[in-house]
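Colleague: Data file run32.tsv (TSV, C-alpha atoms) is appended below.
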chain	number	residue	atom	x	y	z
J	1	MET	CA	206.56	60.36	-90.42
J	2	SER	CA	204.07	62.85	-88.97
J	3	GLU	CA	201.04	64.18	-90.79
J	4	ARG	CA	201.07	67.71	-92.12
J	5	ILE	CA	198.91	70.24	-90.33
J	6	PRO	CA	195.94	71.05	-92.63
J	7	HIS	CA	195.73	74.70	-91.49
J	8	ALA	CA	197.01	77.06	-88.80
J	9	GLY	CA	194.33	76.04	-86.28
J	10	VAL	CA	193.53	79.62	-85.30
J	11	ARG	CA	190.37	79.56	-83.20
J	12	VAL	CA	189.81	83.28	-82.62
J	13	PRO	CA	189.34	85.53	-85.66
J	14	PRO	CA	192.24	88.03	-85.45
J	15	PRO	CA	190.06	91.13	-86.08
J	16	LEU	CA	188.06	90.19	-82.98
J	17	LEU	CA	191.13	90.72	-80.78
J	18	PHE	CA	191.53	94.29	-82.05
J	19	VAL	CA	187.80	95.06	-81.82
J	20	ALA	CA	187.73	93.67	-78.28
J	21	GLY	CA	190.68	95.85	-77.26
J	22	VAL	CA	189.20	99.06	-78.67
J	23	THR	CA	185.76	98.25	-77.24
J	24	ALA	CA	187.19	97.51	-73.79
J	25	GLY	CA	189.19	100.75	-73.95
J	26	TRP	CA	186.09	102.69	-74.94
J	27	LEU	CA	184.08	101.15	-72.09
J	28	LEU	CA	186.84	101.84	-69.57
J	29	ASP	CA	187.01	105.44	-70.76
J	30	ARG	CA	183.27	105.88	-70.30
J	31	TYR	CA	183.49	104.80	-66.66
J	32	TRP	CA	187.06	105.75	-65.65
J	33	HIS	CA	188.18	108.56	-67.89
J	34	ALA	CA	191.90	108.14	-68.49
J	35	ILE	CA	194.23	110.88	-69.50
J	36	PRO	CA	192.96	112.18	-72.84
J	37	LEU	CA	195.39	111.99	-75.73
J	38	SER	CA	194.70	115.60	-76.65
J	39	VAL	CA	196.33	118.08	-74.30
J	40	ALA	CA	195.38	121.28	-76.08
J	41	ARG	CA	193.55	120.58	-79.32
J	42	ARG	CA	191.31	117.57	-79.64
J	43	SER	CA	190.83	118.13	-83.38
J	44	ILE	CA	194.53	117.46	-84.11
J	45	VAL	CA	194.39	114.11	-82.28
J	46	GLU	CA	191.20	113.23	-84.13
J	47	TRP	CA	192.76	114.09	-87.51
J	48	ILE	CA	195.85	112.04	-86.72
J	49	GLY	CA	193.55	109.22	-85.60
J	50	LEU	CA	191.59	109.41	-88.84
J	51	VAL	CA	194.78	109.32	-90.93
J	52	LEU	CA	196.00	106.26	-88.98
J	53	VAL	CA	192.67	104.46	-89.39
J	54	VAL	CA	192.68	105.10	-93.14
J	55	ALA	CA	196.36	104.07	-93.47
J	56	GLY	CA	195.77	100.92	-91.39
J	57	PHE	CA	192.76	99.88	-93.46
J	58	ALA	CA	194.68	100.61	-96.67
J	59	LEU	CA	197.50	98.28	-95.56
J	60	MET	CA	194.98	95.60	-94.55
J	61	TYR	CA	193.24	95.90	-97.92
J	62	TRP	CA	196.55	95.71	-99.80
J	63	GLY	CA	197.45	92.51	-97.92
J	64	THR	CA	194.00	91.01	-98.52
J	65	PHE	CA	194.04	91.98	-102.20
J	66	THR	CA	197.49	90.42	-102.61
J	67	PHE	CA	196.29	87.14	-101.06
J	68	ARG	CA	193.23	87.12	-103.31
J	69	ARG	CA	195.33	87.84	-106.40
J	70	HIS	CA	197.49	84.81	-105.53
J	71	ARG	CA	194.36	82.74	-104.75
J	72	THR	CA	195.36	81.66	-101.28
J	73	ALA	CA	193.35	81.61	-98.06
J	74	ILE	CA	192.91	84.85	-96.15
J	75	ILE	CA	191.18	83.23	-93.19
J	76	PRO	CA	193.72	81.45	-90.96
J	77	ARG	CA	191.37	78.49	-90.40
J	78	LEU	CA	191.77	77.53	-94.06
J	79	PRO	CA	194.83	75.96	-95.71
J	80	ALA	CA	197.28	78.20	-97.59
J	81	SER	CA	197.71	77.14	-101.20
J	82	ARG	CA	200.92	79.09	-101.74
J	83	ARG	CA	203.47	81.32	-100.10
J	84	VAL	CA	202.97	85.03	-100.90
J	85	THR	CA	206.03	87.29	-100.91
J	86	SER	CA	204.92	90.15	-103.16
J	87	GLY	CA	203.05	93.37	-102.44
J	88	PRO	CA	203.20	94.33	-98.77
J	89	TYR	CA	204.60	90.89	-97.95
J	90	ARG	CA	207.96	92.13	-99.26
J	91	PHE	CA	208.19	94.41	-96.19
J	92	THR	CA	206.26	92.62	-93.47
J	93	ARG	CA	205.12	89.04	-92.95
J	94	ASN	CA	201.90	90.32	-91.37
J	95	PRO	CA	200.61	93.37	-93.27
J	96	MET	CA	197.02	92.71	-92.26
J	97	TYR	CA	197.90	92.56	-88.55
J	98	THR	CA	200.20	95.56	-88.92
J	99	GLY	CA	197.33	97.41	-90.60
J	100	PHE	CA	194.97	96.43	-87.79
J	101	THR	CA	197.50	97.74	-85.27
J	102	ILE	CA	197.84	101.07	-87.10
J	103	ALA	CA	194.04	101.38	-87.35
J	104	TYR	CA	193.77	100.50	-83.64
J	105	LEU	CA	196.14	103.36	-82.79
J	106	GLY	CA	194.00	105.62	-84.94
J	107	ALA	CA	190.85	104.50	-83.14
J	108	ALA	CA	192.46	105.52	-79.83
J	109	GLY	CA	193.02	108.96	-81.36
J	110	LEU	CA	189.44	109.19	-82.59
J	111	LEU	CA	188.22	108.21	-79.12
J	112	ASP	CA	190.74	110.65	-77.58
J	113	SER	CA	191.46	108.03	-74.95
J	114	ALA	CA	194.64	106.46	-73.62
J	115	TRP	CA	192.77	103.32	-72.47
J	116	PRO	CA	193.06	101.53	-75.84
J	117	LEU	CA	196.79	102.27	-75.79
J	118	PHE	CA	197.11	100.73	-72.32
J	119	LEU	CA	195.32	97.61	-73.62
J	120	LEU	CA	197.29	97.33	-76.89
J	121	PRO	CA	200.13	95.23	-75.39
J	122	ILE	CA	197.54	92.67	-74.23
J	123	VAL	CA	195.95	92.63	-77.69
J	124	LEU	CA	199.32	92.16	-79.41
J	125	ALA	CA	200.49	89.51	-76.94
J	126	SER	CA	197.24	87.60	-77.54
J	127	LEU	CA	197.64	87.98	-81.29
J	128	ILE	CA	201.20	86.64	-81.21
J	129	ARG	CA	200.39	83.76	-78.87
J	130	PHE	CA	197.08	82.57	-80.27
J	131	VAL	CA	197.36	83.52	-83.94
J	132	ILE	CA	200.81	84.37	-85.29
J	133	ARG	CA	202.72	81.54	-83.62
J	134	ARG	CA	200.17	79.03	-84.93
J	135	GLU	CA	200.29	80.50	-88.42
J	136	GLU	CA	204.08	80.51	-88.45
J	137	ALA	CA	204.26	76.89	-87.28
J	138	TYR	CA	201.79	75.87	-89.97
J	139	LEU	CA	203.64	77.79	-92.71
J	140	ALA	CA	207.01	76.40	-91.59
J	141	ASP	CA	205.55	72.89	-91.83
J	142	ALA	CA	203.84	73.54	-95.16
J	143	PHE	CA	206.63	75.41	-96.95
J	144	GLY	CA	209.79	74.33	-95.09
J	145	ALA	CA	213.08	75.92	-96.10
J	146	GLU	CA	211.39	78.43	-98.42
J	147	TYR	CA	209.41	79.86	-95.51
J	148	ALA	CA	212.47	79.85	-93.24
J	149	ALA	CA	214.40	81.85	-95.85
J	150	TYR	CA	211.48	84.27	-96.16
J	151	CYS	CA	211.38	84.74	-92.35
J	152	ALA	CA	215.12	85.46	-92.33
J	153	ARG	CA	214.63	88.08	-95.04
J	154	VAL	CA	211.35	89.78	-93.98
J	155	ARG	CA	210.42	91.04	-90.52
J	156	ARG	CA	207.27	89.91	-88.71
J	157	TRP	CA	206.14	93.54	-88.36
J	158	ILE	CA	207.62	96.58	-90.09
Taking this structure as input, can you express it in the form of structure tokens?

Modeller:
Amino acid sequence: MSERIPHAGVRVPPPLLFVAGVTAGWLLDRYWHAIPLSVARRSIVEWIGLVLVVAGFALMYWGTFTFRRHRTAIIPRLPASRRVTSGPYRFTRNPMYTGFTIAYLGAAGLLDSAWPLFLLPIVLASLIRFVIRREEAYLADAFGAEYAAYCARVRRWI
């Protein structure tokens, strides 16, 4: 019989992936200005960006608050004490990462730059490979059939 994994084994803090993508996009835009997102009115793109940043952070906060209310680990390097299926976890298995993605899109709007959008697939592929797959393997091991049923019922994203 094999030993249970004590935690997801995530080595890179997930927010760092999003911050790195936006920062790289911002730096690329400073040196190789891509097509701006605003064609006619920059202020509209900035307002949309601001709304997306606020909505993304609200979803992240809701996910974090729900984890704290259930007294389970938020940081993927720590063991989960229980499976959470309430709050935003009724609609998405990853509300914090979905929130980060929405906020990331908003940051591209605030920067009025397409570079962060070009880099987003790399950020998301890294997130899935180095974070989400590890978390899902850990949760499947820790919670077995309950987690499998949850995955069948709730999408990874929205």

Colleague: Could you check which of J:Gly87, J:Pro36, J:Pro95, J:Pro121 is closest to Gly109 (chain J), using all atoms listed in the file?

Modeller: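 Of J:Gly87, J:Pro36, J:Pro95, J:Pro121, the one nearest Gly109 (chain J), counting all atoms listed in the file, is J:Pro36.
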
Colleague: Using all atoms listed in the file, determine which residues lie at most 12 Å from Tyr61 (chain J), disregarding the query and same-chain residues fewer than 6 positions distant; provide the list as an MDAnalysis selection string.

Modeller: chainID J and resid 54:55 67:69 74 87:88 95:100 103

Colleague: Please, what distance in Å, to one decimal, runs between CA of Ile35 (chain J) and CA of Ser113 (chain J)?

Modeller: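 A separation of 6.7 Å between them.
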
Colleague: Record the distance separating CA of Leu27 (chain J) and CA of Leu111 (chain J), expressed in Å with one decimal.

Modeller: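 Pair CA of Leu27 (chain J) / CA of Leu111 (chain J) returns 10.8 Å.
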
Colleague: At what distance in Å, to one decimal, does CA of Ala114 (chain J) lie from CA of Arg30 (chain J)?

Modeller: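 According to the coordinates, CA of Arg30 (chain J) and CA of Ala114 (chain J) are separated by 11.9 Å.
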
Colleague: Would you please work out which residue, of J:Phe143, J:Ala125, J:Ala137, J:Ala108, is nearest to Leu37 (chain J) when using only C-alpha atoms?

Modeller: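 Nearest candidate to Leu37 (chain J) out of J:Phe143, J:Ala125, J:Ala137, J:Ala108: J:Ala108.
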
Colleague: Taking only C-alpha atoms into account, which of J:Ser86, J:Ser43, J:Val53, J:Met60 comes nearest Pro15 (chain J)?

Modeller: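 Counting only C-alpha atoms, the residue closest to Pro15 (chain J) is J:Met60.
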
Colleague: Tell me, as number ranges by chain, which residues lie within 8 Å of Val22 (chain J), counting all atoms listed in the file; anything in the same chain fewer than 3 positions away does not count.

Modeller: J: 18-19, 25-26, 104, 107-108, 116

Colleague: Check the smallest atom-to-atom distance from each of J:Phe130, J:Tyr89, J:Tyr150, J:Trp157 to Gly9 (chain J) using all atoms listed in the file, then report the winner.

Modeller: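 Looking at the shortest contact to Gly9 (chain J), the residue is J:Phe130.
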
Colleague: Would you please work out which residue, of J:Tyr147, J:Arg71, J:Ala152, J:Ile132, is nearest to Val12 (chain J) when using only C-alpha atoms?

Modeller: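 Of all the options, J:Ile132 lies closest to Val12 (chain J).
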
Colleague: Extract, using all atoms listed in the file, all DNA, RNA and protein residues at most 9 Å from Ser81 (chain J), discarding same-chain residues fewer than 2 positions from it, and format them as a PyMOL selection string.

Modeller: chain J and resi 70-73+79+83

Colleague: For Ser38 (chain J), which residue among J:Leu110, J:Thr64, J:Val123, J:Leu50 is the nearest when counting all atoms listed in the file?

Modeller: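 Once distances to Ser38 (chain J) are computed over all atoms listed in the file, the minimum belongs to J:Leu110.
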
Colleague: Do you know which residues are at most 9 Å from Arg134 (chain J) counting all atoms listed in the file, after dropping those on the same chain fewer than 6 positions away, and could you put them as an mmCIF file with C-alpha atoms, keeping the file's coordinate frame?

Modeller:
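The resulting part-v3.cif:
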data_model
loop_
_atom_site.group_PDB
_atom_site.id
_atom_site.type_symbol
_atom_site.label_atom_id
_atom_site.label_comp_id
_atom_site.auth_asym_id
_atom_site.auth_seq_id
_atom_site.Cartn_x
_atom_site.Cartn_y
_atom_site.Cartn_z
ATOM 1 C CA ALA J 8 197.010 77.060 -88.800
ATOM 2 C CA GLY J 9 194.330 76.040 -86.280
ATOM 3 C CA VAL J 10 193.530 79.620 -85.300
ATOM 4 C CA ILE J 128 201.200 86.640 -81.210
#

Colleague: Could I get region 33-137 of chain J from the block written out with C-alpha atoms, as a PDB file, in the first residue's frame?

Modeller:
ATOM      1  CA  HIS J  33       4.661  48.214 -28.667  1.00  0.00           C
ATOM      2  CA  ALA J  34       2.048  45.690 -29.773  1.00  0.00           C
ATOM      3  CA  ILE J  35      -1.303  46.559 -31.184  1.00  0.00           C
ATOM      4  CA  PRO J  36      -3.105  48.557 -28.498  1.00  0.00           C
ATOM      5  CA  LEU J  37      -6.391  47.118 -27.298  1.00  0.00           C
ATOM      6  CA  SER J  38      -8.096  50.478 -27.717  1.00  0.00           C
ATOM      7  CA  VAL J  39      -8.803  51.346 -31.327  1.00  0.00           C
ATOM      8  CA  ALA J  40     -10.685  54.582 -30.792  1.00  0.00           C
ATOM      9  CA  ARG J  41     -11.194  55.307 -27.105  1.00  0.00           C
ATOM     10  CA  ARG J  42      -8.601  54.253 -24.580  1.00  0.00           C
ATOM     11  CA  SER J  43     -10.845  55.204 -21.656  1.00  0.00           C
ATOM     12  CA  ILE J  44     -13.411  52.503 -22.543  1.00  0.00           C
ATOM     13  CA  VAL J  45     -10.721  49.798 -22.547  1.00  0.00           C
ATOM     14  CA  GLU J  46      -9.390  51.105 -19.244  1.00  0.00           C
ATOM     15  CA  TRP J  47     -12.872  51.062 -17.668  1.00  0.00           C
ATOM     16  CA  ILE J  48     -13.495  47.530 -18.899  1.00  0.00           C
ATOM     17  CA  GLY J  49     -10.062  46.579 -17.560  1.00  0.00           C
ATOM     18  CA  LEU J  50     -10.870  48.097 -14.174  1.00  0.00           C
ATOM     19  CA  VAL J  51     -14.196  46.243 -13.998  1.00  0.00           C
ATOM     20  CA  LEU J  52     -12.448  42.951 -14.853  1.00  0.00           C
ATOM     21  CA  VAL J  53      -9.731  43.519 -12.243  1.00  0.00           C
ATOM     22  CA  VAL J  54     -12.339  44.244  -9.560  1.00  0.00           C
ATOM     23  CA  ALA J  55     -14.485  41.245 -10.615  1.00  0.00           C
ATOM     24  CA  GLY J  56     -11.432  38.958 -10.681  1.00  0.00           C
ATOM     25  CA  PHE J  57     -10.281  40.036  -7.228  1.00  0.00           C
ATOM     26  CA  ALA J  58     -13.841  39.667  -5.902  1.00  0.00           C
ATOM     27  CA  LEU J  59     -13.968  36.058  -7.143  1.00  0.00           C
ATOM     28  CA  MET J  60     -10.522  35.352  -5.667  1.00  0.00           C
ATOM     29  CA  TYR J  61     -11.596  36.831  -2.338  1.00  0.00           C
ATOM     30  CA  TRP J  62     -14.833  34.813  -2.330  1.00  0.00           C
ATOM     31  CA  GLY J  63     -12.850  31.607  -2.928  1.00  0.00           C
ATOM     32  CA  THR J  64     -10.316  32.501  -0.230  1.00  0.00           C
ATOM     33  CA  PHE J  65     -13.036  33.472   2.243  1.00  0.00           C
ATOM     34  CA  THR J  66     -14.853  30.181   1.579  1.00  0.00           C
ATOM     35  CA  PHE J  67     -11.670  28.183   2.266  1.00  0.00           C
ATOM     36  CA  ARG J  68     -11.054  30.123   5.471  1.00  0.00           C
ATOM     37  CA  ARG J  69     -14.652  29.629   6.617  1.00  0.00           C
ATOM     38  CA  HIS J  70     -14.177  25.863   6.156  1.00  0.00           C
ATOM     39  CA  ARG J  71     -10.753  26.034   7.853  1.00  0.00           C
ATOM     40  CA  THR J  72      -8.782  24.369   5.100  1.00  0.00           C
ATOM     41  CA  ALA J  73      -5.467  25.337   3.535  1.00  0.00           C
ATOM     42  CA  ILE J  74      -5.423  28.077   0.927  1.00  0.00           C
ATOM     43  CA  ILE J  75      -1.754  27.641   0.074  1.00  0.00           C
ATOM     44  CA  PRO J  76      -1.253  24.571  -2.146  1.00  0.00           C
ATOM     45  CA  ARG J  77       1.928  23.563  -0.282  1.00  0.00           C
ATOM     46  CA  LEU J  78      -0.164  22.776   2.796  1.00  0.00           C
ATOM     47  CA  PRO J  79      -2.493  19.793   3.297  1.00  0.00           C
ATOM     48  CA  ALA J  80      -6.229  20.231   2.715  1.00  0.00           C
ATOM     49  CA  SER J  81      -8.274  19.340   5.772  1.00  0.00           C
ATOM     50  CA  ARG J  82     -11.562  19.020   3.905  1.00  0.00           C
ATOM     51  CA  ARG J  83     -13.188  19.190   0.512  1.00  0.00           C
ATOM     52  CA  VAL J  84     -14.991  22.500  -0.130  1.00  0.00           C
ATOM     53  CA  THR J  85     -17.992  22.486  -2.476  1.00  0.00           C
ATOM     54  CA  SER J  86     -19.916  25.566  -1.350  1.00  0.00           C
ATOM     55  CA  GLY J  87     -19.674  29.217  -2.350  1.00  0.00           C
ATOM     56  CA  PRO J  88     -17.928  29.683  -5.694  1.00  0.00           C
ATOM     57  CA  TYR J  89     -16.813  26.043  -5.594  1.00  0.00           C
ATOM     58  CA  ARG J  90     -20.365  25.113  -6.642  1.00  0.00           C
ATOM     59  CA  PHE J  91     -19.628  26.616 -10.085  1.00  0.00           C
ATOM     60  CA  THR J  92     -15.895  26.173 -10.591  1.00  0.00           C
ATOM     61  CA  ARG J  93     -13.259  23.958  -9.006  1.00  0.00           C
ATOM     62  CA  ASN J  94     -10.749  26.813  -9.260  1.00  0.00           C
ATOM     63  CA  PRO J  95     -12.421  30.132  -8.405  1.00  0.00           C
ATOM     64  CA  MET J  96      -9.167  31.690  -7.252  1.00  0.00           C
ATOM     65  CA  TYR J  97      -7.383  30.825 -10.509  1.00  0.00           C
ATOM     66  CA  THR J  98     -10.434  31.878 -12.518  1.00  0.00           C
ATOM     67  CA  GLY J  99     -10.411  35.164 -10.609  1.00  0.00           C
ATOM     68  CA  PHE J 100      -6.707  35.626 -11.303  1.00  0.00           C
ATOM     69  CA  THR J 101      -7.380  35.019 -15.001  1.00  0.00           C
ATOM     70  CA  ILE J 102     -10.191  37.587 -15.080  1.00  0.00           C
ATOM     71  CA  ALA J 103      -8.009  40.114 -13.231  1.00  0.00           C
ATOM     72  CA  TYR J 104      -5.156  39.351 -15.657  1.00  0.00           C
ATOM     73  CA  LEU J 105      -7.435  40.185 -18.596  1.00  0.00           C
ATOM     74  CA  GLY J 106      -8.367  43.395 -16.829  1.00  0.00           C
ATOM     75  CA  ALA J 107      -4.704  44.270 -16.312  1.00  0.00           C
ATOM     76  CA  ALA J 108      -4.164  43.933 -20.073  1.00  0.00           C
ATOM     77  CA  GLY J 109      -6.982  46.440 -20.536  1.00  0.00           C
ATOM     78  CA  LEU J 110      -5.509  48.832 -17.989  1.00  0.00           C
ATOM     79  CA  LEU J 111      -2.144  48.567 -19.744  1.00  0.00           C
ATOM     80  CA  ASP J 112      -3.913  48.929 -23.124  1.00  0.00           C
ATOM     81  CA  SER J 113      -1.606  46.248 -24.455  1.00  0.00           C
ATOM     82  CA  ALA J 114      -2.163  43.019 -26.348  1.00  0.00           C
ATOM     83  CA  TRP J 115       1.152  41.549 -25.101  1.00  0.00           C
ATOM     84  CA  PRO J 116      -0.326  40.147 -21.864  1.00  0.00           C
ATOM     85  CA  LEU J 117      -3.058  38.504 -23.953  1.00  0.00           C
ATOM     86  CA  PHE J 118      -0.448  36.886 -26.191  1.00  0.00           C
ATOM     87  CA  LEU J 119       1.289  35.525 -23.069  1.00  0.00           C
ATOM     88  CA  LEU J 120      -1.888  34.322 -21.315  1.00  0.00           C
ATOM     89  CA  PRO J 121      -1.893  30.859 -22.962  1.00  0.00           C
ATOM     90  CA  ILE J 122       1.639  30.284 -21.623  1.00  0.00           C
ATOM     91  CA  VAL J 123       0.565  31.407 -18.145  1.00  0.00           C
ATOM     92  CA  LEU J 124      -2.485  29.123 -18.183  1.00  0.00           C
ATOM     93  CA  ALA J 125      -0.563  26.154 -19.594  1.00  0.00           C
ATOM     94  CA  SER J 126       2.028  26.603 -16.822  1.00  0.00           C
ATOM     95  CA  LEU J 127      -0.713  26.883 -14.217  1.00  0.00           C
ATOM     96  CA  ILE J 128      -2.389  23.687 -15.406  1.00  0.00           C
ATOM     97  CA  ARG J 129       0.849  21.722 -15.695  1.00  0.00           C
ATOM     98  CA  PHE J 130       2.670  22.833 -12.560  1.00  0.00           C
ATOM     99  CA  VAL J 131      -0.198  23.639 -10.198  1.00  0.00           C
ATOM    100  CA  ILE J 132      -3.661  22.343 -11.098  1.00  0.00           C
ATOM    101  CA  ARG J 133      -2.626  18.836 -12.147  1.00  0.00           C
ATOM    102  CA  ARG J 134      -0.666  18.424  -8.911  1.00  0.00           C
ATOM    103  CA  GLU J 135      -3.548  19.737  -6.821  1.00  0.00           C
ATOM    104  CA  GLU J 136      -6.045  17.486  -8.580  1.00  0.00           C
ATOM    105  CA  ALA J 137      -3.845  14.408  -8.110  1.00  0.00           C
TER     106      ALA J 137
END
